[in-house]
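The next block holds one structure in the form of structure tokens; read it before the comments.
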Protein chains: 2
Amino acid sequence: MLHPVQAHIISIGTELTAGLTVDTNAAWLAKRLAAVGFVVDRHVTVSDNQPAISDVIISAAAHADIVLITGGLGPTADDLTREALAGAAERPLVLHRPSFDQLSAYFQKIERAMPDTNRRQAYMPEGADVIDNARGTAPGIRLQIGSTTVFALPGVPSEMRAMFRETVEPELRGRSAGSVIVTGTLRCFGMGEARLGEMIEDLMTPGCGPLVGVTAADAIISVHVTARGANSLEASAAADDTLAVLRDRLGSLIFAEKNETLQQAVATLLIERKNTVATAESCTGGLLAKKLTDVPGSSAYFLGGFVTYADEAKTSQLGISPEAIAQHGAVSEEVAALLAEACRSRLNADFGLATTGIAGPTGGSAEKPVGLVYIAVATKTETVTRRLLTNAELGRDVIRQRSCNAILNLLRRHLISDVSQRV
Amino acid sequence: MLHPVQAHIISIGTELTAGLTVDTNAAWLAKRLAAVGFVVDRHVTVSDNQPAISDVIISAAAHADIVLITGGLGPTADDLTREALAGAAERPLVLHRPSFDQLSAYFQKIERAMPDTNRRQAYMPEGADVIDNARGTAPGIRLQIGSTTVFALPGVPSEMRAMFRETVEPELRGRSAGSVIVTGTLRCFGMGEARLGEMIEDLMTPGCGPLVGVTAADAIISVHVTARGANSLEASAAADDTLAVLRDRLGSLIFAEKNETLQQAVATLLIERKNTVATAESCTGGLLAKKLTDVPGSSAYFLGGFVTYADEAKTSQLGISPEAIAQHGAVSEEVAALLAEACRSRLNADFGLATTGIAGPTGGSAEKPVGLVYIAVATKTETVTRRLLTNAELGRDVIRQRSCNAILNLLRRHLISDVSQRV
């Protein structure tokens with residue numbers, strides 16, 4: 001087992017701590033760092049306050065092998081990373097002549113006079129290395145504090161990413177000396193998070209093998225695997241071993257690997273089989289058709305859809321008899337099946353998909369509560385229905401999202417069972 | 001100047017530190033906390049490591065008046081917030097009987113057996129208050145550590161937000177005593193961000209008055225006003241003055257105040273006027289109907305919709321003649337108008353709304369590039385069309401979202417001009 005190299009990320013800016021901007025730099029950096037063998041186990045966001053920034057830098061340098069800072073390198077009065085870094089390292093700020101000349105050249109190139117405030121950007125903690133910024137005015141900084149290397153990069157994502165790729169990453173690749181992290185993700189549908197967790201609990205216990213973690217959103221469960229090795233071959237082998245065990249345990253609960261959506265997985269199967277679909281939606285109100293057409297090239301399999309929200313629309317758009325609606329109720333297994341069959345035959349599709357239910361917050365009863373949704377998948381020869389019950393408290397949006405995911409998964413199961421003769 | 005009450009936010013999860021998921025909870029919480037007078041000046045993200053989480057909680061409790069934790073309350077082995085919080089407070093974990101009973105009831109309600117791992121969720125640090133979770137299985141925790149109050153909330157955004165709004169926010173509102181921040185938002189559509197910014201540039205210059213800021217998403221421009229005062233009356237008065245100036249300048253570009261969506265604003269107008277709508281969508285593929293049915297009670301105005309994605313569907317579902325499609329092309333002003341008129345008359349609605357365009361990434365030509373979308377609104381007596389052109393680089397999802405927003409706004413302008421006799 002290799003000792004993991006620890007990295008901390010510090011994001012600087014009051015717009016971040018105040019929540020006016022969502023920080024995407026930290027997640028981007030964490031993934032890139034993992035790819036060259038560094039584990040990020042802490043990330044601190046701090047406001048534009050010089051003593052607070054110094055304090056955070058000192059603490060990070062005491063814990064981590066490398067520290068990446070983004071933001072606070074700009075020209076305005078609230079850009080305090082240079083000063084805070086000098087404070088943390090107990091060094092003075094000194095003028096860095098080549099940076100000053102480069103700033104002058106930048107303003108000449110864009111035919112502007114250099115504002116006085118930009119001069120601040122040429123001052124660096126004594127002993128720091130300066131990292132060129134080809135895309136903006138803020139040079140980056142590389143500074144040793146004890147045994148920790150600190151990199152300060154701009155907060156503008158395009159500048160930060162370019163600087164990381166061109167300067168920081170090559171250096172780190174050399175330093176991690178053979179330690180590489182590989183991650184894999186399996187996306188599952190059709191079981192609750194807790195129960196799925198129980199199926200793989202032994203793999204989730206931290207030990208010497210790859211790390212296995214679980215996240216959930218709209219009933220989609222993502223199982224993440226993180227493996228480490230001396231090189232990418234070794235790390236991949238470790239990840240692959242664990243992924244193979246997980247694939248075996250989770251079987252057809254898995255609809256995709258990496259970040260593929262359920263609709264992308266369904267689209268791939270439909271295109272492979274040259275199958276087409278049509279939709280008839282009541283409670284999901286167009287969301288199912290929207291998901292099916294999220295995928296570029298969806299015209300290959302999606303013929304069209306009906307949003308039959310009102311009862312009259314079920315009759316006028318798809319010919320569902322008012323008697324059937326009166327007898328079973330619009331929210332019923334029977335009407336779901338009739339809707340699926342009608343949209344399929346009207347558009348001459350291979351599959352007709354239908355939803356009818358109560359998305360709430362009102363309209364529920366004791367017998368048919370908010371959260372009750374019937375879904376149906378019709379082919380030329382058979383119609384399959386399912387009854388879903390989502391906790392009403394989750395709200396209208398979640399009920400609609402989950403219902404669409406459930407019917408996409410029902411279609412997926414049908415497509416794979418048909419292909420491989422599995423149930 | 002009033003002394004602000006300090007808050008720290010802690011986000012827990014290896015999927016966050018590893019960059020697999022971007023944390024949006026922290027920004028949401030920071031904004032809500034500001035609105036009740038708490039300033040967030042630090043935010044720490046830490047991996048699923050119990051000693052590290054305890055360490056971060058101890059440090060935050062030493063610095064801040066309140067600490068908000070999100071994540072790590074789930075049922076799986078990598079959910080360690082309960083244990084870490086107990087460790088930080090030096091208290092044992094004890095079974096909380098009402099939470100256990102509530103978990104049992106939850107699983108009864110969704111007609112499932114409770115998995116063993118869910119039992120862990122009923123153990124709490126001794127002396128903690130339990131915060132009900134109406135939307136999921138993870139109860140929240142409220143615990144005093146010294147003079148600091150720590151709130152632990154679930155990581156699932158919908159559960160976290162509901163718990164914050166219903167329990168944490170009311171408590172904090174009572175405690176912030178003295179310094180109050182009031183925010184107001186005007187939501188606008190129909191002008192670019194830069195041009196709209198120019199109209200209100202003088203108000204955006206930082207000075208002694210309320211802070212005015214602008215954010216944009218899917219062509220919706222939000223103008224935020226933040227005012228501070230000794231009490232909510234004083235803060236509101238300052239905010240109201242600035243909001244009044246903004247309302248005067250921006251006029252009917254404003255479709256809503258606070259966080260109301262464009263579809264909610266349209267729904268309110270339709271319900272007031274007892275008007276109904278029907279939709280016919282090509283490139284937006286169901287998203288327009290989905291937006292119109294996002295609003296609870298949408299059955300009052302939304303009759304139904306057609307997703308006529310394929311050309312044949314335009315003919316079979318809505319009777320658009322193949323000749324018209326061949327002559328003008330499916331993506332044309334003429335076909336948009338025919339679709340709007342056909343869906344309106346088929347469902348006997350007051351308004352028919354239609355979209356047809358090229359959402360990409362492929363399918364564009366020099367004459368009809370990706371990002372070109374025609375929209376149409378038909379009434380019994382007239383049909384209005386608009387040509388939209390969105391930068392193709394923004395991608396399929398943004399093109400579809402903007403097109404829907406544009407047609408909702410076209411309908412809104414029609415409804416308000418009709419009511420007040422303004423253009």
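Chain labels follow the order of the structure tokens: the first chain is A, the next B, and so on; residue numbering restarts at 1 in every chain, and ligands are counted from 1 in their shown order.
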With 6 Å as the limit and counting only C-alpha atoms, what residues in chain A lie close to chain B? Please list them as a PDB file with N, CA and C atoms, in the first residue's frame.
```pdb
ATOM      1  N   THR A  17     -18.050  32.565  -0.152  1.00  0.00           N
ATOM      2  CA  THR A  17     -18.570  32.288   1.203  1.00  0.00           C
ATOM      3  C   THR A  17     -19.983  32.838   1.362  1.00  0.00           C
ATOM      4  N   ALA A  18     -20.299  33.923   0.641  1.00  0.00           N
ATOM      5  CA  ALA A  18     -21.645  34.492   0.734  1.00  0.00           C
ATOM      6  C   ALA A  18     -22.652  33.738  -0.119  1.00  0.00           C
ATOM      7  N   GLY A  19     -22.173  32.808  -0.930  1.00  0.00           N
ATOM      8  CA  GLY A  19     -23.082  31.982  -1.710  1.00  0.00           C
ATOM      9  C   GLY A  19     -23.558  32.629  -3.004  1.00  0.00           C
ATOM     10  N   VAL A  22     -21.303  29.710  -7.031  1.00  0.00           N
ATOM     11  CA  VAL A  22     -20.997  28.328  -6.657  1.00  0.00           C
ATOM     12  C   VAL A  22     -19.594  28.018  -7.164  1.00  0.00           C
ATOM     13  N   ALA A  27     -13.892  21.224  -7.334  1.00  0.00           N
ATOM     14  CA  ALA A  27     -14.218  19.885  -7.840  1.00  0.00           C
ATOM     15  C   ALA A  27     -13.347  19.548  -9.048  1.00  0.00           C
ATOM     16  N   ALA A  30      -9.850  18.764  -7.762  1.00  0.00           N
ATOM     17  CA  ALA A  30      -9.790  17.496  -7.020  1.00  0.00           C
ATOM     18  C   ALA A  30      -9.698  16.318  -7.985  1.00  0.00           C
ATOM     19  N   LYS A  31     -10.490  16.391  -9.066  1.00  0.00           N
ATOM     20  CA  LYS A  31     -10.460  15.284 -10.027  1.00  0.00           C
ATOM     21  C   LYS A  31      -9.107  15.205 -10.748  1.00  0.00           C
ATOM     22  N   VAL A  40      -7.329  14.636  -2.295  1.00  0.00           N
ATOM     23  CA  VAL A  40      -7.807  15.849  -1.635  1.00  0.00           C
ATOM     24  C   VAL A  40      -8.753  15.416  -0.533  1.00  0.00           C
ATOM     25  N   ASP A  41      -8.392  15.656   0.725  1.00  0.00           N
ATOM     26  CA  ASP A  41      -9.329  15.259   1.773  1.00  0.00           C
ATOM     27  C   ASP A  41      -9.895  16.453   2.523  1.00  0.00           C
ATOM     28  N   ARG A  42      -9.499  17.642   2.113  1.00  0.00           N
ATOM     29  CA  ARG A  42     -10.119  18.819   2.717  1.00  0.00           C
ATOM     30  C   ARG A  42     -10.094  19.988   1.745  1.00  0.00           C
ATOM     31  N   HIS A  43     -11.137  20.775   1.846  1.00  0.00           N
ATOM     32  CA  HIS A  43     -11.289  21.925   0.973  1.00  0.00           C
ATOM     33  C   HIS A  43     -11.886  23.037   1.815  1.00  0.00           C
ATOM     34  N   VAL A  44     -11.194  24.171   1.867  1.00  0.00           N
ATOM     35  CA  VAL A  44     -11.655  25.283   2.695  1.00  0.00           C
ATOM     36  C   VAL A  44     -11.930  26.495   1.822  1.00  0.00           C
ATOM     37  N   THR A  45     -13.091  27.118   2.017  1.00  0.00           N
ATOM     38  CA  THR A  45     -13.434  28.357   1.330  1.00  0.00           C
ATOM     39  C   THR A  45     -13.423  29.468   2.364  1.00  0.00           C
ATOM     40  N   VAL A  46     -12.726  30.543   2.054  1.00  0.00           N
ATOM     41  CA  VAL A  46     -12.577  31.605   3.046  1.00  0.00           C
ATOM     42  C   VAL A  46     -12.841  32.961   2.378  1.00  0.00           C
ATOM     43  N   SER A  47     -13.382  33.899   3.159  1.00  0.00           N
ATOM     44  CA  SER A  47     -13.735  35.204   2.600  1.00  0.00           C
ATOM     45  C   SER A  47     -12.487  36.070   2.414  1.00  0.00           C
ATOM     46  N   ALA A 194     -30.270   2.403   1.085  1.00  0.00           N
ATOM     47  CA  ALA A 194     -29.833   1.624   2.249  1.00  0.00           C
ATOM     48  C   ALA A 194     -29.702   0.144   1.883  1.00  0.00           C
ATOM     49  N   GLY A 197     -26.822  -0.408  -0.288  1.00  0.00           N
ATOM     50  CA  GLY A 197     -25.619  -0.308   0.542  1.00  0.00           C
ATOM     51  C   GLY A 197     -25.330  -1.604   1.285  1.00  0.00           C
ATOM     52  N   GLY A 285     -46.444  15.430 -17.238  1.00  0.00           N
ATOM     53  CA  GLY A 285     -46.655  16.677 -17.977  1.00  0.00           C
ATOM     54  C   GLY A 285     -45.646  17.069 -19.044  1.00  0.00           C
ATOM     55  N   GLY A 286     -44.981  16.103 -19.679  1.00  0.00           N
ATOM     56  CA  GLY A 286     -44.021  16.444 -20.725  1.00  0.00           C
ATOM     57  C   GLY A 286     -42.584  16.112 -20.325  1.00  0.00           C
ATOM     58  N   LEU A 287     -42.368  15.858 -19.028  1.00  0.00           N
ATOM     59  CA  LEU A 287     -41.000  15.598 -18.548  1.00  0.00           C
ATOM     60  C   LEU A 287     -40.407  14.325 -19.147  1.00  0.00           C
ATOM     61  N   ALA A 289     -41.092  12.996 -22.158  1.00  0.00           N
ATOM     62  CA  ALA A 289     -40.696  13.316 -23.536  1.00  0.00           C
ATOM     63  C   ALA A 289     -39.452  14.183 -23.529  1.00  0.00           C
ATOM     64  N   LYS A 290     -39.403  15.144 -22.622  1.00  0.00           N
ATOM     65  CA  LYS A 290     -38.221  16.018 -22.494  1.00  0.00           C
ATOM     66  C   LYS A 290     -36.977  15.189 -22.227  1.00  0.00           C
ATOM     67  N   THR A 293     -35.848  13.296 -25.233  1.00  0.00           N
ATOM     68  CA  THR A 293     -35.265  14.156 -26.272  1.00  0.00           C
ATOM     69  C   THR A 293     -34.091  14.975 -25.749  1.00  0.00           C
ATOM     70  N   LEU A 303     -40.604   9.211 -31.595  1.00  0.00           N
ATOM     71  CA  LEU A 303     -41.496   9.657 -32.672  1.00  0.00           C
ATOM     72  C   LEU A 303     -42.326  10.862 -32.246  1.00  0.00           C
ATOM     73  N   GLY A 304     -42.894  10.814 -31.067  1.00  0.00           N
ATOM     74  CA  GLY A 304     -43.720  11.931 -30.623  1.00  0.00           C
ATOM     75  C   GLY A 304     -44.401  11.593 -29.322  1.00  0.00           C
ATOM     76  N   GLY A 305     -45.058  12.597 -28.746  1.00  0.00           N
ATOM     77  CA  GLY A 305     -45.689  12.369 -27.460  1.00  0.00           C
ATOM     78  C   GLY A 305     -46.960  13.168 -27.289  1.00  0.00           C
ATOM     79  N   PHE A 306     -47.770  12.723 -26.345  1.00  0.00           N
ATOM     80  CA  PHE A 306     -49.011  13.406 -26.006  1.00  0.00           C
ATOM     81  C   PHE A 306     -48.963  13.768 -24.528  1.00  0.00           C
ATOM     82  N   VAL A 307     -49.234  15.041 -24.231  1.00  0.00           N
ATOM     83  CA  VAL A 307     -49.361  15.414 -22.827  1.00  0.00           C
ATOM     84  C   VAL A 307     -50.853  15.563 -22.562  1.00  0.00           C
ATOM     85  N   THR A 308     -51.452  14.490 -22.058  1.00  0.00           N
ATOM     86  CA  THR A 308     -52.906  14.456 -21.860  1.00  0.00           C
ATOM     87  C   THR A 308     -53.189  14.754 -20.402  1.00  0.00           C
ATOM     88  N   TYR A 309     -53.060  16.057 -20.089  1.00  0.00           N
ATOM     89  CA  TYR A 309     -53.110  16.444 -18.689  1.00  0.00           C
ATOM     90  C   TYR A 309     -54.544  16.417 -18.165  1.00  0.00           C
ATOM     91  N   ALA A 310     -55.441  17.062 -18.883  1.00  0.00           N
ATOM     92  CA  ALA A 310     -56.852  17.069 -18.485  1.00  0.00           C
ATOM     93  C   ALA A 310     -57.518  15.767 -18.936  1.00  0.00           C
ATOM     94  N   ALA A 313     -58.550  15.784 -22.477  1.00  0.00           N
ATOM     95  CA  ALA A 313     -57.453  15.614 -23.433  1.00  0.00           C
ATOM     96  C   ALA A 313     -57.159  14.132 -23.652  1.00  0.00           C
ATOM     97  N   GLU A 393     -44.161  13.978   0.769  1.00  0.00           N
ATOM     98  CA  GLU A 393     -43.390  15.104   1.309  1.00  0.00           C
ATOM     99  C   GLU A 393     -42.213  15.473   0.416  1.00  0.00           C
ATOM    100  N   LEU A 394     -41.798  14.574  -0.433  1.00  0.00           N
ATOM    101  CA  LEU A 394     -40.660  14.864  -1.302  1.00  0.00           C
ATOM    102  C   LEU A 394     -40.997  15.943  -2.324  1.00  0.00           C
TER     103      LEU A 394
END
```
Exercise: Val150 of chain B partners within 7 Å, only C-alpha atoms, chain neighbours under 3 positions left out, as a PyMOL selection string: chain B and resi 66-68+142-144
Write down as a ChimeraX atom specification the residues of segment 114-359 of chain B whose backbone DSSP state falls under strand (DSSP E). /B:123-125,129-131,140-145,148-153,180-189,211-217,220-229,254-257,277-281,302-307,351-357
Would you return as a ChimeraX atom specification the members of segment 278-336 of chain A that DSSP assigns to alpha helix (DSSP H) on this structure's backbone? /A:287-292,311-318,322-328,333-336
Selection near Arg387 of chain A, 12 Å with only C-alpha atoms, sequence-local residues under 3 positions removed, as a VMD selection string: (chain A and resid 331 to 334 336 to 337 355 to 358 368 371 to 376 384 390 403 406 to 407 410) or (chain B and resid 110 to 111)
Rank B:Leu80, B:Ala35, B:Pro98, B:Asp241 by their smallest atom-to-atom distance to Arg120 of chain B, using only C-alpha atoms, and report the top residue only.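 Using only C-alpha atoms, Arg120 of chain B sits closest to B:Leu80.
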In Å, rounded to a single decimal, give me how far atom CA of Glu193 of chain A is from atom CA of Ala239 of chain A. 21.7 Å
Distance of atom CA of Thr385 of chain A from atom CA of Ile399 of chain A, expressed in Å to one decimal place: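 We find that atom CA of Ile399 of chain A and atom CA of Thr385 of chain A lie 17.4 Å from each other.
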Could you check which of B:Ala128, B:Leu243, B:Val94, B:Ala152 is closest to Ile57 of chain B, using only C-alpha atoms? B:Ala152
For Asn275 of chain A, list every protein, DNA or RNA residue within 10 Å, evaluated using only C-alpha atoms, and leave out those in the same chain fewer than 3 positions away; present the list as number ranges by chain. A: 267, 269-272, 300-302, 349-351, 415
Taking only C-alpha atoms into account, which of B:Ser99, B:Gly329, B:Glu201, B:Gly209 comes nearest Ala227 of chain B? B:Gly209
